[in-house]
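Shown next: my_file.cif, given as mmCIF, C-alpha atoms and all ligand atoms.
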data_query
loop_
_atom_site.group_PDB
_atom_site.id
_atom_site.type_symbol
_atom_site.label_atom_id
_atom_site.label_comp_id
_atom_site.auth_asym_id
_atom_site.auth_seq_id
_atom_site.Cartn_x
_atom_site.Cartn_y
_atom_site.Cartn_z
ATOM 1 C CA MET U 750 146.278 -31.049 183.028
ATOM 2 C CA LYS U 751 147.411 -28.305 180.683
ATOM 3 C CA ALA U 752 144.749 -27.665 178.076
ATOM 4 C CA ASP U 753 144.278 -24.731 175.702
ATOM 5 C CA TYR U 754 140.598 -24.780 174.819
ATOM 6 C CA HIS U 755 140.342 -22.008 172.261
ATOM 7 C CA ILE U 756 142.632 -22.295 169.257
ATOM 8 C CA HIS U 757 142.083 -21.133 165.694
ATOM 9 C CA SER U 758 143.632 -22.354 162.458
ATOM 10 C CA GLU U 759 143.545 -21.755 158.727
ATOM 11 C CA PHE U 760 139.959 -23.074 158.787
ATOM 12 C CA SER U 761 138.909 -19.730 160.329
ATOM 13 C CA ASP U 762 138.460 -16.729 158.056
ATOM 14 C CA ASP U 763 140.817 -14.674 160.226
ATOM 15 C CA SER U 764 143.622 -17.193 160.782
ATOM 16 C CA PHE U 765 146.256 -18.412 158.354
ATOM 17 C CA GLU U 766 148.036 -20.832 160.678
ATOM 18 C CA ALA U 767 148.371 -24.457 159.637
ATOM 19 C CA VAL U 768 146.714 -26.962 161.962
ATOM 20 C CA GLU U 769 150.018 -28.888 162.258
ATOM 21 C CA ASP U 770 151.905 -25.738 163.272
ATOM 22 C CA GLN U 771 149.438 -25.071 166.085
ATOM 23 C CA ILE U 772 149.721 -28.693 167.239
ATOM 24 C CA ASN U 773 153.518 -28.647 167.195
ATOM 25 C CA LYS U 774 153.594 -25.401 169.129
ATOM 26 C CA ALA U 775 151.302 -26.910 171.758
ATOM 27 C CA ILE U 776 153.528 -29.989 172.034
ATOM 28 C CA SER U 777 156.604 -27.793 172.417
ATOM 29 C CA LEU U 778 154.846 -25.972 175.294
ATOM 30 C CA LYS U 779 153.989 -29.334 176.894
ATOM 31 C CA PHE U 780 150.226 -29.044 176.588
ATOM 32 C CA ASN U 781 148.396 -32.317 177.272
ATOM 33 C CA GLU U 782 145.378 -31.298 175.260
ATOM 34 C CA ILE U 783 144.165 -28.640 172.816
ATOM 35 C CA CYS U 784 140.834 -27.897 171.254
ATOM 36 C CA PHE U 785 140.397 -26.265 167.855
ATOM 37 C CA CYS U 786 137.446 -23.849 167.799
ATOM 38 C CA ASP U 787 137.304 -22.383 164.324
ATOM 39 C CA HIS U 788 134.770 -19.710 163.440
ATOM 40 C CA VAL U 789 131.185 -19.984 162.280
ATOM 41 C CA ASP U 790 129.392 -16.622 162.006
ATOM 42 C CA TYR U 791 126.094 -17.032 160.179
ATOM 43 C CA GLY U 792 124.443 -13.817 159.106
ATOM 44 C CA ILE U 793 127.641 -12.234 157.873
ATOM 45 C CA LYS U 794 129.616 -15.227 156.582
ATOM 46 C CA LYS U 795 128.595 -17.878 154.098
ATOM 47 C CA ASP U 796 129.309 -21.576 154.087
ATOM 48 C CA TRP U 797 131.889 -22.534 151.446
ATOM 49 C CA SER U 798 129.300 -24.792 149.839
ATOM 50 C CA GLU U 799 127.230 -21.690 148.939
ATOM 51 C CA GLY U 800 129.981 -20.339 146.646
ATOM 52 C CA ASN U 801 130.655 -16.686 145.603
ATOM 53 C CA ILE U 802 132.692 -15.946 148.741
ATOM 54 C CA GLU U 803 133.655 -12.286 149.268
ATOM 55 C CA TYR U 804 136.845 -11.072 150.989
ATOM 56 C CA ARG U 805 137.501 -8.212 153.418
ATOM 57 C CA ASP U 806 140.328 -6.634 155.438
ATOM 58 C CA GLY U 807 140.907 -8.029 158.936
ATOM 59 C CA ASP U 808 141.437 -6.297 162.262
ATOM 60 C CA GLY U 809 145.228 -6.465 162.009
ATOM 61 C CA ILE U 810 145.367 -8.064 165.467
ATOM 62 C CA SER U 811 144.030 -11.598 165.340
ATOM 63 C CA ASN U 812 145.305 -11.732 161.754
ATOM 64 C CA ASP U 813 148.392 -9.602 162.005
ATOM 65 C CA ASN U 814 149.559 -10.502 158.494
ATOM 66 C CA ASN U 815 146.915 -8.126 157.132
ATOM 67 C CA MET U 816 145.781 -10.773 154.692
ATOM 68 C CA LYS U 817 142.348 -10.469 153.058
ATOM 69 C CA GLU U 818 139.863 -12.650 154.900
ATOM 70 C CA PRO U 819 137.175 -14.740 153.208
ATOM 71 C CA LEU U 820 133.685 -14.008 154.525
ATOM 72 C CA ALA U 821 133.196 -17.730 154.994
ATOM 73 C CA ASN U 822 132.606 -20.195 157.805
ATOM 74 C CA VAL U 823 134.621 -23.341 158.450
ATOM 75 C CA ASP U 824 134.685 -25.765 155.545
ATOM 76 C CA TYR U 825 133.143 -28.429 157.783
ATOM 77 C CA PRO U 826 133.853 -31.696 155.908
ATOM 78 C CA ARG U 827 137.507 -30.772 155.313
ATOM 79 C CA TYR U 828 137.895 -29.501 158.873
ATOM 80 C CA PHE U 829 136.668 -32.646 160.569
ATOM 81 C CA GLU U 830 138.567 -34.852 158.144
ATOM 82 C CA LYS U 831 141.784 -32.959 158.918
ATOM 83 C CA LEU U 832 141.266 -33.010 162.686
ATOM 84 C CA ASN U 833 140.450 -36.724 162.676
ATOM 85 C CA LEU U 834 143.676 -37.383 160.787
ATOM 86 C CA MET U 835 145.676 -35.208 163.195
ATOM 87 C CA LYS U 836 144.097 -36.857 166.242
ATOM 88 C CA GLU U 837 145.328 -40.201 165.027
ATOM 89 C CA GLU U 838 148.744 -39.013 163.863
ATOM 90 C CA TYR U 839 149.565 -37.205 167.116
ATOM 91 C CA LYS U 840 147.770 -39.522 169.549
ATOM 92 C CA ASP U 841 150.960 -40.445 171.418
ATOM 93 C CA LYS U 842 151.968 -36.820 171.875
ATOM 94 C CA ILE U 843 148.852 -34.749 172.543
ATOM 95 C CA ILE U 844 145.075 -35.065 172.770
ATOM 96 C CA ILE U 845 143.342 -33.085 170.041
ATOM 97 C CA LYS U 846 139.682 -32.140 170.437
ATOM 98 C CA LYS U 847 137.252 -30.941 167.809
ATOM 99 C CA GLY U 848 135.336 -27.769 168.551
ATOM 100 C CA LEU U 849 133.709 -24.837 166.818
ATOM 101 C CA GLU U 850 133.139 -21.242 167.878
ATOM 102 C CA PHE U 851 129.531 -20.325 167.122
ATOM 103 C CA GLY U 852 129.098 -16.572 166.702
ATOM 104 C CA ILE U 853 125.363 -16.670 167.262
ATOM 105 C CA GLN U 854 122.748 -13.984 166.791
ATOM 106 C CA ARG U 855 119.084 -14.264 167.662
ATOM 107 C CA HIS U 856 118.105 -14.433 164.002
ATOM 108 C CA THR U 857 120.654 -17.147 163.101
ATOM 109 C CA ILE U 858 119.814 -19.696 165.808
ATOM 110 C CA ASP U 859 118.052 -22.064 163.362
ATOM 111 C CA LYS U 860 121.185 -22.349 161.256
ATOM 112 C CA TYR U 861 123.244 -23.386 164.276
ATOM 113 C CA GLU U 862 120.626 -25.942 165.281
ATOM 114 C CA ARG U 863 120.918 -27.485 161.829
ATOM 115 C CA LEU U 864 124.721 -27.336 161.805
ATOM 116 C CA PHE U 865 124.980 -28.901 165.243
ATOM 117 C CA LYS U 866 122.642 -31.707 164.271
ATOM 118 C CA GLU U 867 124.694 -32.439 161.167
ATOM 119 C CA TYR U 868 128.038 -32.629 162.997
ATOM 120 C CA GLU U 869 126.950 -33.671 166.493
ATOM 121 C CA ASN U 870 128.924 -36.912 166.271
ATOM 122 C CA GLU U 871 132.135 -35.050 165.442
ATOM 123 C CA LEU U 872 131.948 -32.275 168.028
ATOM 124 C CA ASP U 873 133.633 -32.364 171.435
ATOM 125 C CA PHE U 874 133.106 -28.723 172.254
ATOM 126 C CA VAL U 875 131.160 -25.642 171.173
ATOM 127 C CA LEU U 876 131.871 -22.087 172.266
ATOM 128 C CA LEU U 877 128.917 -19.715 172.258
ATOM 129 C CA SER U 878 130.025 -16.220 171.277
ATOM 130 C CA VAL U 879 128.301 -13.029 170.251
ATOM 131 C CA HIS U 880 130.531 -11.347 167.660
ATOM 132 C CA GLN U 881 127.798 -9.569 165.705
ATOM 133 C CA ILE U 882 124.364 -8.144 166.486
ATOM 134 C CA ASP U 883 121.862 -7.312 163.717
ATOM 135 C CA ASP U 884 124.622 -8.522 161.351
ATOM 136 C CA LYS U 885 126.835 -5.672 162.538
ATOM 137 C CA GLU U 886 130.361 -6.476 163.733
ATOM 138 C CA LEU U 887 131.567 -5.471 167.188
ATOM 139 C CA TRP U 888 135.292 -5.522 166.349
ATOM 140 C CA ASN U 889 135.132 -2.686 163.826
ATOM 141 C CA GLN U 890 132.622 -0.561 165.839
ATOM 142 C CA GLU U 891 129.927 -1.055 163.208
ATOM 143 C CA PHE U 892 127.457 -2.149 165.890
ATOM 144 C CA GLN U 893 128.495 0.421 168.503
ATOM 145 C CA LYS U 894 128.446 3.444 166.211
ATOM 146 C CA ASP U 895 125.424 5.740 166.663
ATOM 147 C CA LYS U 896 124.624 4.134 170.034
ATOM 148 C CA SER U 897 125.449 5.426 173.485
ATOM 149 C CA GLN U 898 127.827 3.319 175.569
ATOM 150 C CA LYS U 899 124.882 2.358 177.786
ATOM 151 C CA GLU U 900 122.827 1.289 174.753
ATOM 152 C CA TYR U 901 125.459 -0.930 173.198
ATOM 153 C CA HIS U 902 126.394 -2.576 176.505
ATOM 154 C CA GLU U 903 122.760 -3.319 177.332
ATOM 155 C CA ARG U 904 121.984 -4.616 173.871
ATOM 156 C CA TYR U 905 125.105 -6.826 173.833
ATOM 157 C CA TYR U 906 124.262 -8.595 177.105
ATOM 158 C CA GLN U 907 120.591 -8.833 176.157
ATOM 159 C CA GLU U 908 121.616 -10.597 172.934
ATOM 160 C CA ILE U 909 123.695 -13.135 174.887
ATOM 161 C CA TYR U 910 120.916 -13.717 177.397
ATOM 162 C CA GLU U 911 118.245 -14.292 174.785
ATOM 163 C CA THR U 912 120.484 -16.406 172.594
ATOM 164 C CA MET U 913 121.564 -18.709 175.427
ATOM 165 C CA ASN U 914 117.945 -19.114 176.455
ATOM 166 C CA GLN U 915 116.952 -20.293 173.000
ATOM 167 C CA TYR U 916 120.041 -22.229 171.996
ATOM 168 C CA LYS U 917 121.441 -24.933 174.279
ATOM 169 C CA ASN U 918 123.861 -26.948 172.159
ATOM 170 C CA TYR U 919 126.988 -25.316 173.460
ATOM 171 C CA CYS U 920 129.468 -25.893 176.295
ATOM 172 C CA VAL U 921 130.935 -22.586 177.347
ATOM 173 C CA LEU U 922 130.267 -18.859 176.909
ATOM 174 C CA ALA U 923 133.365 -17.434 175.223
ATOM 175 C CA HIS U 924 134.903 -14.059 176.114
ATOM 176 C CA LEU U 925 131.733 -13.054 177.965
ATOM 177 C CA ASP U 926 132.517 -9.328 178.083
ATOM 178 C CA LEU U 927 133.769 -9.054 174.513
ATOM 179 C CA ILE U 928 132.026 -5.682 174.227
ATOM 180 C CA SER U 929 134.668 -4.324 176.645
ATOM 181 C CA ARG U 930 137.530 -5.551 174.436
ATOM 182 C CA TYR U 931 136.397 -3.110 171.775
ATOM 183 C CA ASP U 932 135.300 -0.347 174.127
ATOM 184 C CA LEU U 933 137.097 2.924 173.677
ATOM 185 C CA LYS U 934 136.408 3.984 177.268
ATOM 186 C CA GLU U 935 135.710 2.105 180.488
ATOM 187 C CA TYR U 936 132.180 1.241 181.564
ATOM 188 C CA PRO U 937 131.388 0.392 185.200
ATOM 189 C CA PHE U 938 130.718 -3.278 185.952
ATOM 190 C CA GLU U 939 127.914 -2.252 188.335
ATOM 191 C CA ASN U 940 125.855 -0.994 185.383
ATOM 192 C CA ASN U 941 125.863 -4.460 183.786
ATOM 193 C CA LYS U 942 125.869 -6.518 186.968
ATOM 194 C CA LYS U 943 122.168 -7.403 186.955
ATOM 195 C CA ILE U 944 122.056 -8.834 183.440
ATOM 196 C CA ILE U 945 125.451 -10.542 183.817
ATOM 197 C CA THR U 946 124.158 -12.195 186.998
ATOM 198 C CA GLU U 947 121.142 -13.492 185.057
ATOM 199 C CA ILE U 948 123.420 -14.809 182.295
ATOM 200 C CA LEU U 949 125.691 -16.611 184.747
ATOM 201 C CA LYS U 950 122.771 -18.071 186.728
ATOM 202 C CA GLN U 951 121.222 -19.364 183.517
ATOM 203 C CA ALA U 952 124.534 -20.892 182.426
ATOM 204 C CA ILE U 953 124.927 -22.655 185.778
ATOM 205 C CA GLN U 954 121.339 -23.908 185.672
ATOM 206 C CA ASP U 955 121.944 -25.296 182.159
ATOM 207 C CA ASP U 956 125.250 -26.984 183.168
ATOM 208 C CA LYS U 957 127.187 -24.641 180.901
ATOM 209 C CA GLY U 958 130.415 -22.852 181.701
ATOM 210 C CA ILE U 959 132.508 -19.839 180.862
ATOM 211 C CA GLU U 960 136.085 -19.458 179.655
ATOM 212 C CA ILE U 961 138.935 -17.240 180.702
ATOM 213 C CA ASN U 962 140.257 -15.920 177.406
ATOM 214 C CA THR U 963 143.914 -14.956 177.663
ATOM 215 C CA SER U 964 143.889 -12.845 174.509
ATOM 216 C CA SER U 965 143.296 -9.955 176.940
ATOM 217 C CA TYR U 966 147.097 -9.798 177.305
ATOM 218 C CA HIS U 967 147.660 -9.637 173.582
ATOM 219 C CA TYR U 968 144.934 -6.967 173.185
ATOM 220 C CA LYS U 969 146.673 -5.116 176.039
ATOM 221 C CA LEU U 970 143.493 -4.841 178.121
ATOM 222 C CA LYS U 971 143.803 -3.676 181.721
ATOM 223 C CA ASP U 972 141.538 -6.441 183.002
ATOM 224 C CA THR U 973 141.157 -10.163 182.316
ATOM 225 C CA THR U 974 138.555 -11.431 179.793
ATOM 226 C CA PRO U 975 136.002 -11.726 181.203
ATOM 227 C CA SER U 976 136.807 -9.203 183.922
ATOM 228 C CA MET U 977 137.876 -10.205 187.434
ATOM 229 C CA ASP U 978 134.459 -9.006 188.638
ATOM 230 C CA ILE U 979 132.718 -11.469 186.320
ATOM 231 C CA LEU U 980 135.040 -14.363 187.180
ATOM 232 C CA LYS U 981 134.455 -13.778 190.898
ATOM 233 C CA LEU U 982 130.709 -13.408 190.428
ATOM 234 C CA TYR U 983 130.579 -16.700 188.528
ATOM 235 C CA HIS U 984 132.480 -18.396 191.333
ATOM 236 C CA ASP U 985 130.271 -16.822 194.028
ATOM 237 C CA LEU U 986 127.135 -17.983 192.218
ATOM 238 C CA GLY U 987 128.474 -21.549 192.336
ATOM 239 C CA GLY U 988 129.879 -21.761 188.794
ATOM 240 C CA LYS U 989 132.331 -24.617 188.394
ATOM 241 C CA ILE U 990 132.703 -25.219 184.659
ATOM 242 C CA ILE U 991 135.551 -23.117 183.321
ATOM 243 C CA THR U 992 138.043 -23.528 180.486
ATOM 244 C CA ILE U 993 141.241 -21.656 179.700
ATOM 245 C CA GLY U 994 141.640 -20.524 176.087
ATOM 246 C CA SER U 995 144.266 -18.415 174.365
ATOM 247 C CA ASP U 996 142.043 -17.630 171.342
ATOM 248 C CA ALA U 997 145.326 -17.910 169.396
ATOM 249 C CA HIS U 998 145.006 -17.245 165.689
ATOM 250 C CA SER U 999 148.723 -17.959 165.250
ATOM 251 C CA THR U 1000 151.400 -20.053 166.970
ATOM 252 C CA LYS U 1001 152.749 -16.897 168.555
ATOM 253 C CA TYR U 1002 149.846 -16.714 171.018
ATOM 254 C CA LEU U 1003 149.071 -20.363 171.574
ATOM 255 C CA GLY U 1004 148.993 -21.038 175.313
ATOM 256 C CA ASP U 1005 149.747 -17.360 175.952
ATOM 257 C CA HIS U 1006 149.734 -16.516 179.687
ATOM 258 C CA TYR U 1007 148.287 -19.933 180.482
ATOM 259 C CA ASP U 1008 149.931 -20.151 183.895
ATOM 260 C CA ASP U 1009 148.809 -16.633 184.785
ATOM 261 C CA ALA U 1010 145.219 -17.588 183.981
ATOM 262 C CA ARG U 1011 145.499 -20.750 186.028
ATOM 263 C CA LYS U 1012 146.810 -18.783 189.003
ATOM 264 C CA ILE U 1013 144.039 -16.195 188.703
ATOM 265 C CA LEU U 1014 141.401 -18.932 188.787
ATOM 266 C CA LYS U 1015 143.050 -20.647 191.730
ATOM 267 C CA ASP U 1016 143.285 -17.395 193.671
ATOM 268 C CA ILE U 1017 139.582 -16.718 193.110
ATOM 269 C CA GLY U 1018 138.833 -20.141 194.558
ATOM 270 C CA PHE U 1019 138.094 -22.309 191.538
ATOM 271 C CA LYS U 1020 139.090 -25.911 192.139
ATOM 272 C CA TYR U 1021 138.963 -27.315 188.616
ATOM 273 C CA ILE U 1022 139.535 -26.555 184.980
ATOM 274 C CA CYS U 1023 137.527 -28.404 182.398
ATOM 275 C CA THR U 1024 138.188 -30.217 179.194
ATOM 276 C CA PHE U 1025 135.360 -31.689 177.124
ATOM 277 C CA ASP U 1026 134.638 -34.928 175.398
ATOM 278 C CA LYS U 1027 131.589 -35.186 173.122
ATOM 279 C CA MET U 1028 130.166 -31.999 174.704
ATOM 280 C CA THR U 1029 130.539 -33.354 178.256
ATOM 281 C CA PRO U 1030 132.794 -31.612 180.778
ATOM 282 C CA ILE U 1031 135.654 -33.461 182.466
ATOM 283 C CA PHE U 1032 136.978 -31.848 185.646
ATOM 284 C CA HIS U 1033 140.695 -31.660 186.415
ATOM 285 C CA ASN U 1034 142.260 -30.306 189.589
ATOM 286 C CA LEU U 1035 143.661 -26.841 189.057
HETATM 287 ZN ZN ZN S 1 135.444 -15.031 169.525
HETATM 288 ZN ZN ZN S 2 138.021 -17.245 168.970
#
Represent the supplied structure as structure tokens.
Ligand SMILES: [Zn+2]
Ligand SMILES: [Zn+2]
Amino acid sequence: MKADYHIHSEFSDDSFEAVEDQINKAISLKFNEICFCDHVDYGIKKDWSEGNIEYRDGDGISNDNNMKEPLANVDYPRYFEKLNLMKEEYKDKIIIKKGLEFGIQRHTIDKYERLFKEYENELDFVLLSVHQIDDKELWNQEFQKDKSQKEYHERYYQEIYETMNQYKNYCVLAHLDLISRYDLKEYPFENNKKIITEILKQAIQDDKGIEINTSSYHYKLKDTTPSMDILKLYHDLGGKIITIGSDAHSTKYLGDHYDDARKILKDIGFKYICTFDKMTPIFHNL
């Protein structure tokens, strides 16, 4: 099984890649299955149905065209209509799954509960991410600024822990140490180990998983995402549900370093990778 479980398309504010182009790239790389996980970030982005959408500059990395990005979530009806069409059209070539990436904050949980309820019958997969805290973005240092490194690390993991304890309609914790992606200097794993252990134990108890996010290569990070320490800890705690995702916002990075990720997981001792159907994990030998 070769499955990229974290792909973005033009339905995300920060991607301009056509759904078909992502699918064709995946077919050319001989993927058996892909899952689209376009962005929803309540608190800072509006739904298209609300109107008056504002635009902003991107990070120049996920969207390396430097196009202005709409501060808007997925246009849900169009998104699911498109993916249902593509599923049918490409059914002999590749399995296409329908996911969303929920960028949750403690104060936006209600909105995700409502959204999930509305589209529960469409969704195969939901990533739980923390991209913002107190409506402040991590990627542009808005959240980190005026905090010590210790403060922003602690607050970040606390936000994940509290969110995952209140919100259960998800499958996998995405890029669990995202705070490190945007860190300007290293921070010792030992300092976060206690809270990360609690997060992983809670995920295991809730039958949720984590992903290995291969965008670490593209961001030129020294470590994997999440770090090797976290991957090993998850395995040691008995974690079995894990997906591999490129987090590709363009065809260029689809499936990026997939085989490296698979080898890393195998070497740690994981036996399976997961795909999902209607929010339920399916285990495949690694
Ligand atoms: Zn993300
Ligand atoms: Zn993503």
Next on the checklist: List the spatial neighbours of range 853-858 of chain U as an MDAnalysis selection string - criterion: any atom at most 6 Å away, all atoms listed in the file, same-chain residues fewer than 3 positions off excluded.
Outcome noted: chainID U and resid 861 879 912
Take the selection from the previous step and output its residues with C-alpha atoms, as a PDB file, in the coordinates of the input.
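Output saved as again_5.pdb:
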ATOM      1  CA  TYR U 861     123.244 -23.386 164.276  1.00  0.00           C
ATOM      2  CA  VAL U 879     128.301 -13.029 170.251  1.00  0.00           C
ATOM      3  CA  THR U 912     120.484 -16.406 172.594  1.00  0.00           C
TER       4      THR U 912
END
Next on the checklist: For a test of reading the model, state the distance in Å between CA of Tyr905 in chain U and CA of Leu877 in chain U, rounded to one decimal.
Outcome noted: 13.5 Å
Next on the checklist: Env of His984 in chain U: 10 Å cut, atoms = all atoms listed in the file, seq-sep filter 6 positions within chain, self excluded. Answer as a ChimeraX atom specification.
Outcome noted: /U:949,978,990-991,1014,1017-1019
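When the distance limit is 8 Å and all atoms listed in the file are what count, the residues near Asp796 in chain U, minus those fewer than 2 positions from it on the same chain, are Lys794, Ser798, Glu799, Gly800, Ala821, Asn822, Val823 and Asp824 of chain U.
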Item to check | Residue nearest Arg805 in chain U - candidates U:Ser777, U:Asp762, U:Glu908, U:His788, atoms counted: all atoms listed in the file | outcome: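 Counting all atoms listed in the file, the residue closest to Arg805 in chain U is U:Asp762.
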